[in-house]
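> One file is attached below, target-v9.cif, containing mmCIF, C-alpha atoms and all ligand atoms.
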```
data_coords
loop_
_atom_site.label_atom_id
_atom_site.label_comp_id
_atom_site.auth_asym_id
_atom_site.auth_seq_id
_atom_site.Cartn_x
_atom_site.Cartn_y
_atom_site.Cartn_z
CA MET A 219 57.32 -30.30 52.33
CA ALA A 220 54.05 -29.21 53.83
CA THR A 221 53.01 -28.82 57.43
CA VAL A 222 49.84 -30.66 58.35
CA ILE A 223 48.07 -31.05 61.65
CA GLN A 224 47.39 -34.65 62.39
CA ALA A 225 45.84 -36.60 65.24
CA TYR A 226 47.34 -39.75 66.75
CA ARG A 227 44.93 -41.60 69.01
CA TYR A 228 45.76 -44.39 71.43
CA ALA A 229 43.69 -46.48 73.81
CA LEU A 230 45.08 -46.38 77.35
CA ASP A 231 45.52 -49.07 79.99
CA PRO A 232 45.34 -46.96 83.14
CA THR A 233 45.69 -48.30 86.69
CA PRO A 234 42.66 -47.86 88.99
CA ARG A 235 44.32 -44.81 90.55
CA GLN A 236 44.98 -43.31 87.14
CA ARG A 237 41.38 -44.00 86.12
CA ARG A 238 40.24 -41.88 89.03
CA ALA A 239 42.68 -39.13 88.09
CA LEU A 240 41.50 -39.20 84.46
CA ALA A 241 37.86 -38.98 85.57
CA SER A 242 38.75 -36.21 88.01
CA HIS A 243 40.31 -34.10 85.24
CA CYS A 244 37.28 -34.53 83.00
CA GLY A 245 35.06 -33.69 85.97
CA ALA A 246 37.12 -30.55 86.59
CA ALA A 247 36.70 -29.47 82.96
CA ARG A 248 32.95 -30.01 83.24
CA TYR A 249 32.84 -28.11 86.54
CA ALA A 250 34.62 -25.08 85.09
CA TYR A 251 32.34 -25.15 82.04
CA ASN A 252 29.19 -25.19 84.16
CA TRP A 253 30.56 -22.57 86.54
CA GLY A 254 31.38 -20.25 83.63
CA LEU A 255 28.00 -20.81 82.02
CA GLN A 256 26.23 -19.93 85.24
CA LEU A 257 28.29 -16.75 85.55
CA VAL A 258 27.47 -15.75 81.98
CA GLN A 259 23.76 -16.32 82.56
CA GLN A 260 23.87 -14.33 85.78
CA ARG A 261 25.60 -11.40 84.10
CA LEU A 262 23.20 -11.47 81.17
CA GLU A 263 20.34 -11.37 83.64
CA GLN A 264 21.87 -8.38 85.45
CA ARG A 265 22.43 -6.60 82.17
CA ARG A 266 18.82 -7.19 81.17
CA ALA A 267 17.83 -5.61 84.48
CA GLY A 268 19.63 -2.47 83.37
CA GLU A 269 23.01 -2.86 85.08
CA ASP A 270 26.10 -1.78 83.16
CA ILE A 271 28.09 -4.98 83.59
CA GLU A 272 30.58 -6.89 81.49
CA VAL A 273 29.69 -10.42 80.34
CA PRO A 274 32.76 -12.70 79.95
CA TRP A 275 32.37 -14.19 76.48
CA THR A 276 35.91 -15.14 75.42
CA LEU A 277 38.44 -17.59 76.84
CA PRO A 278 40.76 -14.90 78.30
CA ALA A 279 37.81 -13.16 79.98
CA LEU A 280 36.48 -16.44 81.37
CA ARG A 281 39.91 -17.50 82.62
CA TRP A 282 40.41 -14.18 84.34
CA GLN A 283 37.09 -14.61 86.16
CA TRP A 284 37.89 -18.20 87.05
CA ASN A 285 41.30 -17.39 88.52
CA ARG A 286 39.70 -14.77 90.73
CA ALA A 287 36.92 -17.07 91.91
CA LYS A 288 38.52 -20.53 92.08
CA HIS A 289 39.75 -20.29 95.68
CA GLN A 290 36.18 -19.60 96.74
CA VAL A 291 34.12 -21.85 94.49
CA ALA A 292 36.59 -24.74 94.07
CA PRO A 293 39.07 -24.85 96.97
CA TRP A 294 40.18 -28.26 95.68
CA TRP A 295 41.26 -26.81 92.33
CA ALA A 296 44.95 -27.67 92.89
CA GLU A 297 44.13 -31.40 92.71
CA ASN A 298 43.90 -31.18 88.93
CA SER A 299 46.08 -29.63 86.25
CA ARG A 300 45.26 -25.99 85.41
CA ASP A 301 44.68 -27.17 81.86
CA ALA A 302 41.58 -29.09 82.99
CA TYR A 303 39.76 -25.88 83.96
CA ALA A 304 41.09 -24.05 80.92
CA SER A 305 39.81 -26.91 78.77
CA GLY A 306 36.27 -26.57 80.16
CA LEU A 307 36.29 -22.79 79.81
CA ASP A 308 37.65 -23.12 76.27
CA SER A 309 34.74 -25.32 75.19
CA LEU A 310 32.36 -22.84 76.80
CA ALA A 311 33.95 -19.93 74.92
CA ARG A 312 33.62 -21.90 71.67
CA ALA A 313 29.98 -22.73 72.38
CA LEU A 314 29.24 -19.06 73.12
CA LYS A 315 30.96 -17.99 69.91
CA ASN A 316 29.05 -20.60 67.90
CA PHE A 317 25.84 -19.33 69.42
CA SER A 318 26.48 -15.67 68.61
CA ASP A 319 27.91 -16.43 65.14
CA SER A 320 24.88 -18.54 64.35
CA LYS A 321 22.53 -15.83 65.57
CA ASP A 322 24.29 -13.18 63.48
CA GLY A 323 24.30 -15.41 60.43
CA HIS A 324 28.10 -15.86 60.34
CA ARG A 325 27.86 -19.59 60.80
CA LYS A 326 26.57 -22.09 58.28
CA GLY A 327 24.43 -25.07 59.11
CA ARG A 328 21.93 -25.82 61.79
CA ARG A 329 21.01 -23.05 64.20
CA MET A 330 23.10 -23.27 67.37
CA GLY A 331 21.26 -22.76 70.62
CA PHE A 332 22.56 -21.12 73.79
CA PRO A 333 25.03 -23.47 75.55
CA ARG A 334 23.46 -25.82 78.07
CA PRO A 335 24.92 -27.20 81.28
CA LYS A 336 26.90 -30.43 80.96
CA ARG A 337 25.55 -33.27 83.04
CA LYS A 338 27.69 -36.02 84.45
CA GLY A 339 27.18 -39.23 82.53
CA ARG A 340 25.32 -37.43 79.75
CA CYS A 341 28.11 -35.39 78.20
CA ARG A 342 31.34 -36.48 76.57
CA ASP A 343 34.09 -36.84 79.17
CA ALA A 344 37.12 -35.07 77.74
CA CYS A 345 39.93 -32.79 78.79
CA ARG A 346 42.61 -31.10 76.70
CA PHE A 347 46.21 -30.38 77.74
CA THR A 348 48.30 -27.78 75.98
CA THR A 349 51.03 -27.00 78.50
CA GLY A 350 53.40 -28.98 80.69
CA PRO A 351 54.98 -32.30 79.78
CA LEU A 352 53.25 -33.93 76.78
CA ARG A 353 55.51 -36.81 75.88
CA VAL A 354 55.64 -40.14 74.11
CA GLU A 355 58.14 -42.28 75.99
CA ALA A 356 61.04 -44.02 74.25
CA ASP A 357 59.77 -47.50 75.21
CA ARG A 358 56.81 -46.85 72.83
CA HIS A 359 54.27 -48.14 75.33
CA HIS A 360 53.94 -45.18 77.67
CA ILE A 361 53.01 -41.52 77.42
CA THR A 362 53.39 -38.73 79.95
CA LEU A 363 50.80 -36.06 80.66
CA PRO A 364 50.79 -33.21 83.20
CA ARG A 365 49.59 -34.30 86.65
CA LEU A 366 48.54 -37.74 85.38
CA GLY A 367 52.14 -38.82 84.94
CA LYS A 368 53.17 -41.90 82.99
CA LEU A 369 50.26 -43.83 81.43
CA LYS A 370 50.47 -47.15 79.64
CA THR A 371 49.14 -47.26 76.09
CA HIS A 372 47.25 -50.30 74.85
CA GLU A 373 49.02 -50.33 71.49
CA SER A 374 52.48 -49.27 70.43
CA THR A 375 53.12 -45.60 69.77
CA ARG A 376 55.83 -46.53 67.27
CA LYS A 377 54.67 -44.40 64.32
CA LEU A 378 54.44 -41.19 66.28
CA ALA A 379 57.56 -41.94 68.35
CA ARG A 380 59.60 -42.45 65.19
CA ARG A 381 58.49 -39.11 63.75
CA LEU A 382 59.24 -37.34 67.01
CA GLU A 383 62.72 -38.87 67.11
CA GLN A 384 63.39 -37.83 63.51
CA GLY A 385 62.25 -34.31 64.31
CA THR A 386 59.47 -34.28 61.68
CA ALA A 387 56.70 -33.98 64.25
CA ARG A 388 55.85 -31.75 67.18
CA ILE A 389 53.11 -32.37 69.77
CA LEU A 390 50.80 -29.37 70.15
CA ALA A 391 48.16 -30.77 72.50
CA ALA A 392 46.80 -33.95 74.05
CA THR A 393 43.14 -34.72 74.72
CA ILE A 394 42.02 -37.47 77.05
CA SER A 395 38.51 -38.84 76.55
CA ARG A 396 36.31 -41.73 77.56
CA THR A 397 34.17 -43.89 75.29
CA ALA A 398 32.02 -46.40 77.16
CA ASP A 399 34.56 -47.75 79.68
CA ARG A 400 37.70 -47.09 77.70
CA TRP A 401 40.08 -44.17 78.05
CA PHE A 402 41.88 -42.68 75.05
CA VAL A 403 44.50 -40.07 74.43
CA SER A 404 44.59 -38.14 71.19
CA PHE A 405 47.70 -36.12 70.37
CA THR A 406 47.35 -33.14 68.06
CA VAL A 407 50.62 -33.16 66.17
CA GLU A 408 52.24 -30.84 63.66
CA VAL A 409 53.84 -33.06 61.02
CA GLN A 410 56.19 -32.25 58.12
CA ARG A 411 55.15 -34.21 55.07
CA ALA A 412 56.20 -34.42 51.44
CA ILE A 413 52.99 -34.09 49.43
CA PRO A 414 52.99 -35.01 45.74
CA ALA A 415 50.83 -33.02 43.29
CA SER A 416 49.35 -36.20 41.81
CA ASN A 417 49.81 -39.91 42.31
CA GLY A 418 49.93 -40.52 38.57
CA LYS A 419 47.14 -43.13 38.52
CA PRO A 420 44.50 -42.58 35.82
CA SER A 421 41.69 -44.66 37.34
CA ILE A 422 38.45 -43.29 38.78
CA VAL A 423 36.66 -45.17 41.50
CA GLY A 424 33.22 -44.55 43.03
CA ILE A 425 32.47 -45.83 46.52
CA ASP A 426 29.21 -46.65 48.20
CA VAL A 427 29.27 -47.33 51.92
CA GLY A 428 26.78 -49.84 53.25
CA ILE A 429 25.95 -51.84 56.33
CA ARG A 430 25.86 -55.30 54.83
CA HIS A 431 29.38 -54.77 53.61
CA LEU A 432 31.95 -52.17 54.42
CA ALA A 433 31.91 -50.70 50.92
CA VAL A 434 31.15 -51.46 47.29
CA LEU A 435 33.45 -50.06 44.59
CA SER A 436 32.40 -49.12 41.08
CA THR A 437 34.95 -51.65 39.83
CA GLY A 438 32.61 -54.36 41.11
CA GLN A 439 34.75 -55.13 44.16
CA THR A 440 32.81 -55.70 47.35
CA ILE A 441 34.72 -55.10 50.57
CA PRO A 442 33.07 -57.28 53.22
CA ASN A 443 32.65 -56.30 56.85
CA PRO A 444 35.18 -58.00 59.08
CA ARG A 445 33.59 -60.95 60.90
CA ALA A 446 34.00 -59.38 64.32
CA LEU A 447 32.12 -56.33 63.10
CA GLU A 448 29.29 -58.49 61.74
CA ARG A 449 28.94 -60.08 65.16
CA SER A 450 28.94 -56.71 66.90
CA LEU A 451 26.30 -55.36 64.52
CA ARG A 452 24.01 -58.33 65.16
CA LYS A 453 24.46 -57.86 68.90
CA LEU A 454 23.75 -54.18 68.53
CA GLY A 455 20.46 -54.85 66.77
CA ARG A 456 19.45 -57.33 69.44
CA LEU A 457 20.28 -55.04 72.36
CA ASN A 458 18.49 -52.17 70.69
CA ARG A 459 15.31 -54.22 70.40
CA GLN A 460 15.69 -55.35 74.02
CA LEU A 461 16.02 -51.78 75.19
CA HIS A 462 12.54 -50.94 73.95
CA HIS A 463 11.02 -53.79 75.96
CA HIS A 464 12.38 -52.51 79.27
CA LYS A 465 10.46 -49.93 81.24
CA PRO A 466 11.98 -46.43 81.21
CA GLY A 467 13.97 -45.85 84.38
CA SER A 468 14.22 -49.55 85.26
CA SER A 469 17.56 -51.09 86.24
CA HIS A 470 17.26 -53.56 83.33
CA ARG A 471 17.04 -50.70 80.94
CA HIS A 472 20.02 -48.99 82.50
CA GLN A 473 22.04 -52.18 82.22
CA THR A 474 21.09 -52.72 78.60
CA ARG A 475 21.95 -49.13 77.82
CA ARG A 476 25.44 -49.57 79.23
CA ARG A 477 25.99 -52.78 77.30
CA LEU A 478 24.70 -51.08 74.18
CA ALA A 479 27.23 -48.25 74.60
CA ARG A 480 30.06 -50.77 74.93
CA VAL A 481 29.04 -52.80 71.88
CA HIS A 482 28.53 -49.60 69.93
CA ALA A 483 32.03 -48.38 70.78
CA ARG A 484 33.50 -51.74 69.81
CA ALA A 485 31.66 -51.81 66.48
CA ALA A 486 32.85 -48.28 65.73
CA ASN A 487 36.45 -49.27 66.48
CA LEU A 488 36.28 -52.37 64.32
CA ARG A 489 34.77 -50.41 61.47
CA ARG A 490 37.36 -47.67 61.79
CA ASP A 491 40.22 -50.16 61.61
CA ALA A 492 38.76 -51.89 58.58
CA LEU A 493 38.16 -48.54 56.90
CA HIS A 494 41.80 -47.58 57.47
CA LYS A 495 42.93 -50.55 55.39
CA LEU A 496 40.44 -49.70 52.67
CA THR A 497 41.21 -45.97 52.49
CA THR A 498 44.96 -46.54 52.36
CA TYR A 499 44.41 -48.90 49.43
CA LEU A 500 42.06 -46.48 47.64
CA ALA A 501 44.25 -43.40 48.09
CA THR A 502 47.34 -45.12 46.75
CA GLU A 503 45.88 -47.27 43.97
CA HIS A 504 43.43 -44.86 42.30
CA GLY A 505 43.85 -41.39 40.82
CA THR A 506 40.37 -40.07 41.55
CA ILE A 507 37.96 -41.14 44.27
CA VAL A 508 34.28 -40.16 44.21
CA VAL A 509 32.11 -40.32 47.31
CA GLU A 510 28.57 -39.27 48.03
CA GLN A 511 27.93 -36.23 50.16
CA LEU A 512 27.39 -36.64 53.83
CA ASN A 513 23.98 -35.67 55.12
CA LEU A 514 25.03 -34.07 58.37
CA ALA A 515 21.63 -32.80 59.47
CA GLY A 516 20.08 -36.19 58.71
CA MET A 517 22.80 -37.92 60.70
CA VAL A 518 21.80 -36.19 63.87
CA ARG A 519 18.09 -36.68 63.40
CA ASN A 520 17.76 -40.10 61.88
CA ARG A 521 16.66 -42.60 64.48
CA ARG A 522 16.83 -45.65 62.27
CA LEU A 523 19.77 -47.72 63.35
CA ALA A 524 20.61 -48.99 59.88
CA ARG A 525 20.73 -45.53 58.34
CA ALA A 526 22.62 -44.06 61.29
CA LEU A 527 25.27 -46.76 61.03
CA SER A 528 25.86 -46.35 57.34
CA ASP A 529 26.05 -42.58 57.80
CA SER A 530 28.65 -42.92 60.52
CA GLY A 531 30.60 -45.28 58.26
CA LEU A 532 30.50 -42.72 55.47
CA ALA A 533 31.60 -39.95 57.82
CA GLU A 534 34.60 -41.99 58.94
CA LEU A 535 35.45 -43.00 55.37
CA ARG A 536 35.39 -39.38 54.23
CA ARG A 537 37.44 -38.22 57.17
CA GLN A 538 40.15 -40.76 56.43
CA LEU A 539 40.05 -40.22 52.68
CA ALA A 540 40.32 -36.45 53.10
CA TYR A 541 43.79 -36.61 54.53
CA LYS A 542 45.08 -39.80 52.95
CA SER A 543 44.21 -38.61 49.45
CA ALA A 544 45.78 -35.23 50.16
CA TRP A 545 48.98 -36.95 51.26
CA ALA A 546 49.06 -39.29 48.28
CA GLY A 547 48.14 -36.65 45.69
CA THR A 548 44.84 -38.34 44.86
CA SER A 549 41.77 -36.29 43.88
CA LEU A 550 38.85 -36.71 46.23
CA ILE A 551 35.56 -35.67 44.69
CA GLU A 552 32.28 -35.36 46.49
CA ALA A 553 28.99 -35.65 44.61
CA ASP A 554 26.57 -32.76 44.80
CA ARG A 555 24.08 -33.05 47.66
CA PHE A 556 21.19 -33.55 45.28
CA PHE A 557 22.85 -36.26 43.25
CA PRO A 558 20.56 -39.29 43.65
CA SER A 559 23.33 -41.90 43.53
CA SER A 560 21.13 -44.75 44.69
CA LYS A 561 17.92 -43.83 42.82
CA LEU A 562 19.59 -43.30 39.46
CA CYS A 563 19.93 -46.12 36.91
CA SER A 564 23.60 -46.49 36.03
CA ARG A 565 22.75 -47.77 32.55
CA CYS A 566 20.02 -45.48 31.18
CA GLY A 567 19.90 -42.53 33.58
CA HIS A 568 16.32 -43.12 34.69
CA VAL A 569 15.61 -41.79 38.20
CA LYS A 570 13.32 -43.70 40.54
CA ALA A 571 10.98 -41.68 42.73
CA LYS A 572 11.53 -43.99 45.65
CA LEU A 573 13.87 -46.78 46.66
CA PRO A 574 13.33 -48.16 50.16
CA LEU A 575 16.40 -49.35 52.08
CA SER A 576 14.98 -52.86 52.22
CA GLU A 577 15.29 -53.26 48.43
CA ARG A 578 18.77 -54.66 47.91
CA GLU A 579 18.60 -54.67 44.11
CA TYR A 580 18.10 -51.85 41.69
CA ARG A 581 15.50 -52.88 39.11
CA CYS A 582 15.13 -50.30 36.39
CA GLU A 583 11.57 -50.02 35.10
CA HIS A 584 12.87 -48.11 32.08
CA CYS A 585 15.64 -50.30 30.63
CA GLY A 586 15.20 -53.45 32.70
CA MET A 587 18.66 -53.43 34.28
CA VAL A 588 18.94 -55.43 37.50
CA LEU A 589 22.01 -54.69 39.63
CA ASP A 590 23.08 -54.78 43.25
CA ARG A 591 21.86 -51.56 44.77
CA ASP A 592 25.22 -50.49 46.19
CA LEU A 593 27.14 -51.34 43.04
CA ASN A 594 24.67 -49.27 41.03
CA ALA A 595 25.29 -46.31 43.37
CA ALA A 596 29.07 -46.72 43.22
CA ARG A 597 28.96 -46.80 39.39
CA ASN A 598 26.87 -43.65 39.32
CA LEU A 599 29.42 -41.87 41.47
CA ALA A 600 32.35 -42.92 39.28
CA ALA A 601 30.47 -42.00 36.10
CA LEU A 602 29.73 -38.57 37.49
CA VAL A 603 33.38 -37.63 37.14
CA ALA A 604 34.00 -39.70 34.02
CA SER A 605 31.18 -37.90 32.20
CA THR A 606 32.31 -34.41 33.15
CA SER A 607 36.09 -34.57 32.98
CA ASN A 608 37.30 -34.86 29.41
CA GLY A 609 40.91 -35.33 30.30
CA VAL A 610 40.48 -38.85 31.57
CA ALA A 611 39.33 -41.05 28.74
CA GLY A 612 38.11 -44.57 28.81
CA SER A 613 38.32 -45.12 32.52
CA GLY A 614 34.67 -44.80 33.44
CA PRO A 615 32.07 -47.54 33.01
CA GLU A 616 30.96 -48.12 29.41
CA THR A 617 27.52 -46.84 30.25
CA LYS A 618 28.64 -43.25 30.58
CA ASN A 619 27.76 -42.22 27.03
CA ALA A 620 24.27 -43.63 27.18
CA ARG A 621 23.31 -41.08 29.79
CA GLY A 622 22.18 -38.28 27.54
CA TRP A 623 23.51 -35.64 29.86
CA GLY A 624 26.35 -35.00 27.45
CA GLN A 625 29.11 -32.59 28.15
CA GLY A 626 27.88 -30.98 31.28
CA PRO A 627 29.84 -28.29 33.01
CA PRO A 628 33.17 -29.64 34.26
CA PHE A 629 33.15 -30.18 37.95
CA GLY A 630 33.94 -27.11 39.91
CA GLY A 631 36.64 -28.33 42.25
CA THR A 632 35.19 -26.37 45.10
CA VAL A 633 37.33 -26.87 48.16
CA LEU A 634 35.40 -28.63 50.87
CA ASP A 635 35.18 -27.06 54.23
CA GLU A 636 35.78 -29.85 56.62
CA ALA A 637 32.47 -29.79 58.43
CA GLY A 638 32.58 -33.51 58.93
CA SER A 639 35.96 -33.89 60.57
CA ARG A 640 36.71 -32.11 63.75
CA HIS A 641 40.07 -33.68 64.42
CA GLN A 642 41.85 -33.40 61.14
CA VAL A 643 42.95 -30.06 59.81
CA MET A 644 44.33 -30.88 56.41
CA ASP A 645 45.49 -29.40 53.20
CA LEU A 646 42.47 -30.15 51.05
CA GLY A 647 43.70 -28.66 47.82
CA GLU A 648 42.86 -31.83 45.93
CA THR A 649 39.34 -32.12 47.22
CA GLY A 650 36.28 -30.90 45.39
CA THR A 651 32.59 -31.30 44.75
CA VAL A 652 30.77 -32.15 41.57
CA ASP A 653 27.68 -30.21 40.59
CA TRP A 654 24.95 -32.43 39.41
CA GLN A 655 22.48 -31.53 36.69
CA ARG A 656 19.47 -33.68 36.15
CA PRO A 657 19.81 -35.45 32.79
CA ALA A 658 17.16 -34.62 30.18
CA THR A 659 15.31 -37.92 29.96
ZN ZN A 701 17.70 -48.08 33.34
#
```
What does the file become when written as structure tokens?

Amino acid sequence: MATVIQAYRYALDPTPRQRRALASHCGAARYAYNWGLQLVQQRLEQRRAGEDIEVPWTLPALRWQWNRAKHQVAPWWAENSRDAYASGLDSLARALKNFSDSKDGHRKGRRMGFPRPKRKGRCRDACRFTTGPLRVEADRHHITLPRLGKLKTHESTRKLARRLEQGTARILAATISRTADRWFVSFTVEVQRAIPASNGKPSIVGIDVGIRHLAVLSTGQTIPNPRALERSLRKLGRLNRQLHHHKPGSSHRHQTRRRLARVHARAANLRRDALHKLTTYLATEHGTIVVEQLNLAGMVRNRRLARALSDSGLAELRRQLAYKSAWAGTSLIEADRFFPSSKLCSRCGHVKAKLPLSEREYRCEHCGMVLDRDLNAARNLAALVASTSNGVAGSGPETKNARGWGQGPPFGGTVLDEAGSRHQVMDLGETGTVDWQRPAT
């Protein structure tokens, strides 16, 4: 048995009064965040001017300051749960820590700037509860949160409720959040799980995530997008083009932006659901799964809709695979960042200098192979493990020996740090990366 931290997320069906209360709690969190940030800036200013003054930088320090000041600055504070203010101050403390860690070189990745004020309508509306009643009701269609009381869930809470009744799960926290016009609750739950060392399946499968279809597997299987998702994606493209025809600041533009947010949220939900079916299948039916590495920096910067969508699909796929494969005892392998899965020929190992997204087929100028672009990428991913792990024979594509990159170093099995998934804290013992060495062609 292992203890894992898992998230259970449900859409809510709040009444109009509850909607206001939900918004009020998120507003309170934002207020406390901005108040704390202002205080920190003020104190930094004073310190720069030569005063010997303490700057509250941690959650306890910020909470202490808030409790002293709240009667003055927010006489209405009792309208919301104490957790709402603590939640805002907590995200401020984290942002401050990220900033100083990044400055001191303790934090990997993109440089983190000094926290900025959160603006209503521009920031993510969210609020986290850690104390008071956090319950899933026995009728499996209601939950109870502090101050907000009993809220109806859109879908059944059966899976979580069953675990709670059996005593194999414990709720640690609940976060309410808004996406477009929908409210959600996400429970952070400590779950006892039996985790096998291996699922006993010998097969290796490479996956390429696309936009035209949900995914292409190295086995030649194409997993199509669900129809509803196809429709949403077409709508998304249309609205996005419309948006650029409206004048900035016009009411048309504002309206289109709101519709765009709604369609975007719906498409993301549809994709997530479809990916859940796929990842459950993959983690239980294959022994080793190979995915390409997520380009996190590119995800934030890339403005092209197509690329952004396929990146978000890959991020979600990886997030789900990370915990499902850990639970099933499946190995999840991530290709090295420089592995050119789409530019590499899966038959002869030739690497193209360029392959625009519009080209749907891989045409090798070296050996003449013509193959669906995504299938070619998926095969490359699967062959990456097949060619480096000697223990698994005969399960990779036949092309693996024609590569000329011979017996490269076996893959390292470096444990991934879960940069991509904020919500899942998992045992990732079975997860690794493969180092790629350019074949001598
Ligand atoms: Zn070729």
> Using CA of Glu408 in chain A and CA of Arg388 in chain A as the two end points, give the distance in Å to one decimal.
5.1 Å
> Would you list the residues near (37.9, -27.8, 74.7) (no more than 12 Å away, in the coordinates of the file, using all atoms listed in the file) as an MDAnalysis selection string?
chainID A and resid 244 247:248 250:251 277 301:313 342:348 391:395 640
> Just the residues within 9 Å of range 576-584 of chain A, please, counting all atoms listed in the file, with nothing from its chain fewer than 6 positions along; format it as number ranges by chain.
A: 560-563, 565-566, 568-570, 590-592, 594
> Could you give me, as a PyMOL selection string, the residues that sit within 9 Å of (34.3, -58.0, 58.4) in the file's coordinates, counting only C-alpha atoms?
chain A and resi 431-432+441-449+488-489+492
> Any idea what the distance is between CA of Gly323 in chain A and CA of Ala267 in chain A?
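Taking CA of Gly323 in chain A and CA of Ala267 in chain A, their separation equals 26.8 Å.
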> Using only C-alpha atoms, which of A:Ser404, A:Ala601, A:Gly418, A:Arg281 sits nearest Leu363 in chain A?
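Ranking A:Ser404, A:Ala601, A:Gly418, A:Arg281 by distance to Leu363 in chain A, first place goes to A:Ser404.
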> Pick out the residues sitting within 12 Å of Ser416 in chain A, and hand them over as an MDAnalysis selection string; count all atoms listed in the file, and ignore anything fewer than 4 positions along from it in its own chain.
chainID A and resid 412 420 501:506 543:550 647:648
> For a quick check of understanding, using all atoms listed in the file, which of A:Ala246, A:Val409, A:Ala239, A:Leu539 has the smallest distance to Val222 in chain A?
A:Val409
> Can you tell me how far CA of Lys368 in chain A sits from CA of Ala241 in chain A, in Å to one decimal?
15.8 Å
> Tell me which of A:Ala292, A:Met587, A:Leu575, A:Leu496 sits closest to ligand ZN 701 (chain A), counting all atoms listed in the file.
A:Met587
> Applying 7 Å and only C-alpha atoms, which residues near Gln511 in chain A remain after dropping the ones on its own chain fewer than 4 positions away? List them as a PyMOL selection string.
chain A and resi 552-555
> Could you pull the residues within 10 Å of range 375-377 of chain A, counting only C-alpha atoms, minus those fewer than 2 positions along the same chain, as an NGL selection string?
:A and (226-228 or 354-361 or 371-373 or 379-382)
